[in-house]
Amino acid sequence: MSIRYATGTYQTPSALLTAIDTHIVDVLGWTRNMGPTLVAGKSGRRAHYQKTITKDGVARTVYWNLLAPGATEVQGTLSSETNKLGFFSYPSTGYDAGLAWDRQPGYPVASTGGLGLFPASTIELAPASPLNFIIAGNAYGDVYVVFAITNGSNRSISAGVLNKSSCGPYDGGEFAGAACFAMSAKWASNNLMETPFGFYTVSSYYGAGFLVRATVDGVTNWVTIQNEFNSTDTAATTPIRGTGNVGCVKSYASAENWPSPALLSVSYVHPSISVINGIIMHRDIQCAVMRTTSRFSMLGNVPLIAWSSIVVNNGIPWGTIVGNKFYTNYIALELRDE
């Protein structure tokens, strides 16, 4: 297979949405249920798509719902994640033109409070100069969009079906999400802002940034994939929760990172450079679902992307100690040719 991508610049969120619409329909084969359309009474534009993706002989249908803001205004109702500015990307289990953009069939709902969960990625309403984007896809139809914002960092939205060759069979695997709406200082300072599992912060809760459909122990629901959460945070997560393998710190007990012990963590503390030969070792981005507080099951790998280390500090190799200072690396998102 080969990557199928488009690059360009955007000056409004609606322009980015239009570019996404064109590429995923004309190149990646998604069905346009509703093209970019003004939301009644608001300045934002909604769009809705679906795609049946077959991997390893199993077909799963992904429903992807997007909203590009047109002004700084509340974009949804009765939701924990639509009261701030952002480019929204959430999955559902169907499409109904008669329903609101954030009330499509089977939309994710928080385990307490009954609020909808709609991941959003920070975006600029009117950047001073055009900002870059890349829309990447593959022959299956998986899609990963990365776009710049004016503070010099990137954000991402994505949708598709997980690659499940790394785990046992289960019903599900379709996903969609956005990263990120709010991140801690450690994430911002170590090039982790565009990770697909970037969490959303509402009040003191760490919530949905990436959602995977799965049947777990006989229960079918959206799994909230998180890298940072507190065990009591249920107002911004679905009843089934999981984790990804991108992290900030190495401590399992840290409140700022709770990676599954079953996953090989990708972190700036443990960058993927061989200390023997200096070769960069790329890492898959993986998801796992929490079965108990200490046990996880693999859900699969996120298609189209991997993480790799990048050397900082004027090229000083990772692990060098100068003046009792230990030099580390940032990690970088790499689009894969698959």
# chains A, B, ... in the order shown; residues from 1 in each chain; ligands from 1

call {"tool": "residues_around", "arguments": {"residues": "range 57-66 of chain A", "least_positions_apart": "6", "cutoff": "9 Å", "atoms": "only C-alpha atoms", "output": "MDAnalysis selection string"}}
result
chainID A and resid 17 36 45:51 87:95 101:102 104 159:161 171:176

call {"tool": "atom_distance", "arguments": {"atom1": "CA of Cys167 in chain A", "atom2": "CA of Leu299 in chain A"}}
result
6.3 Å
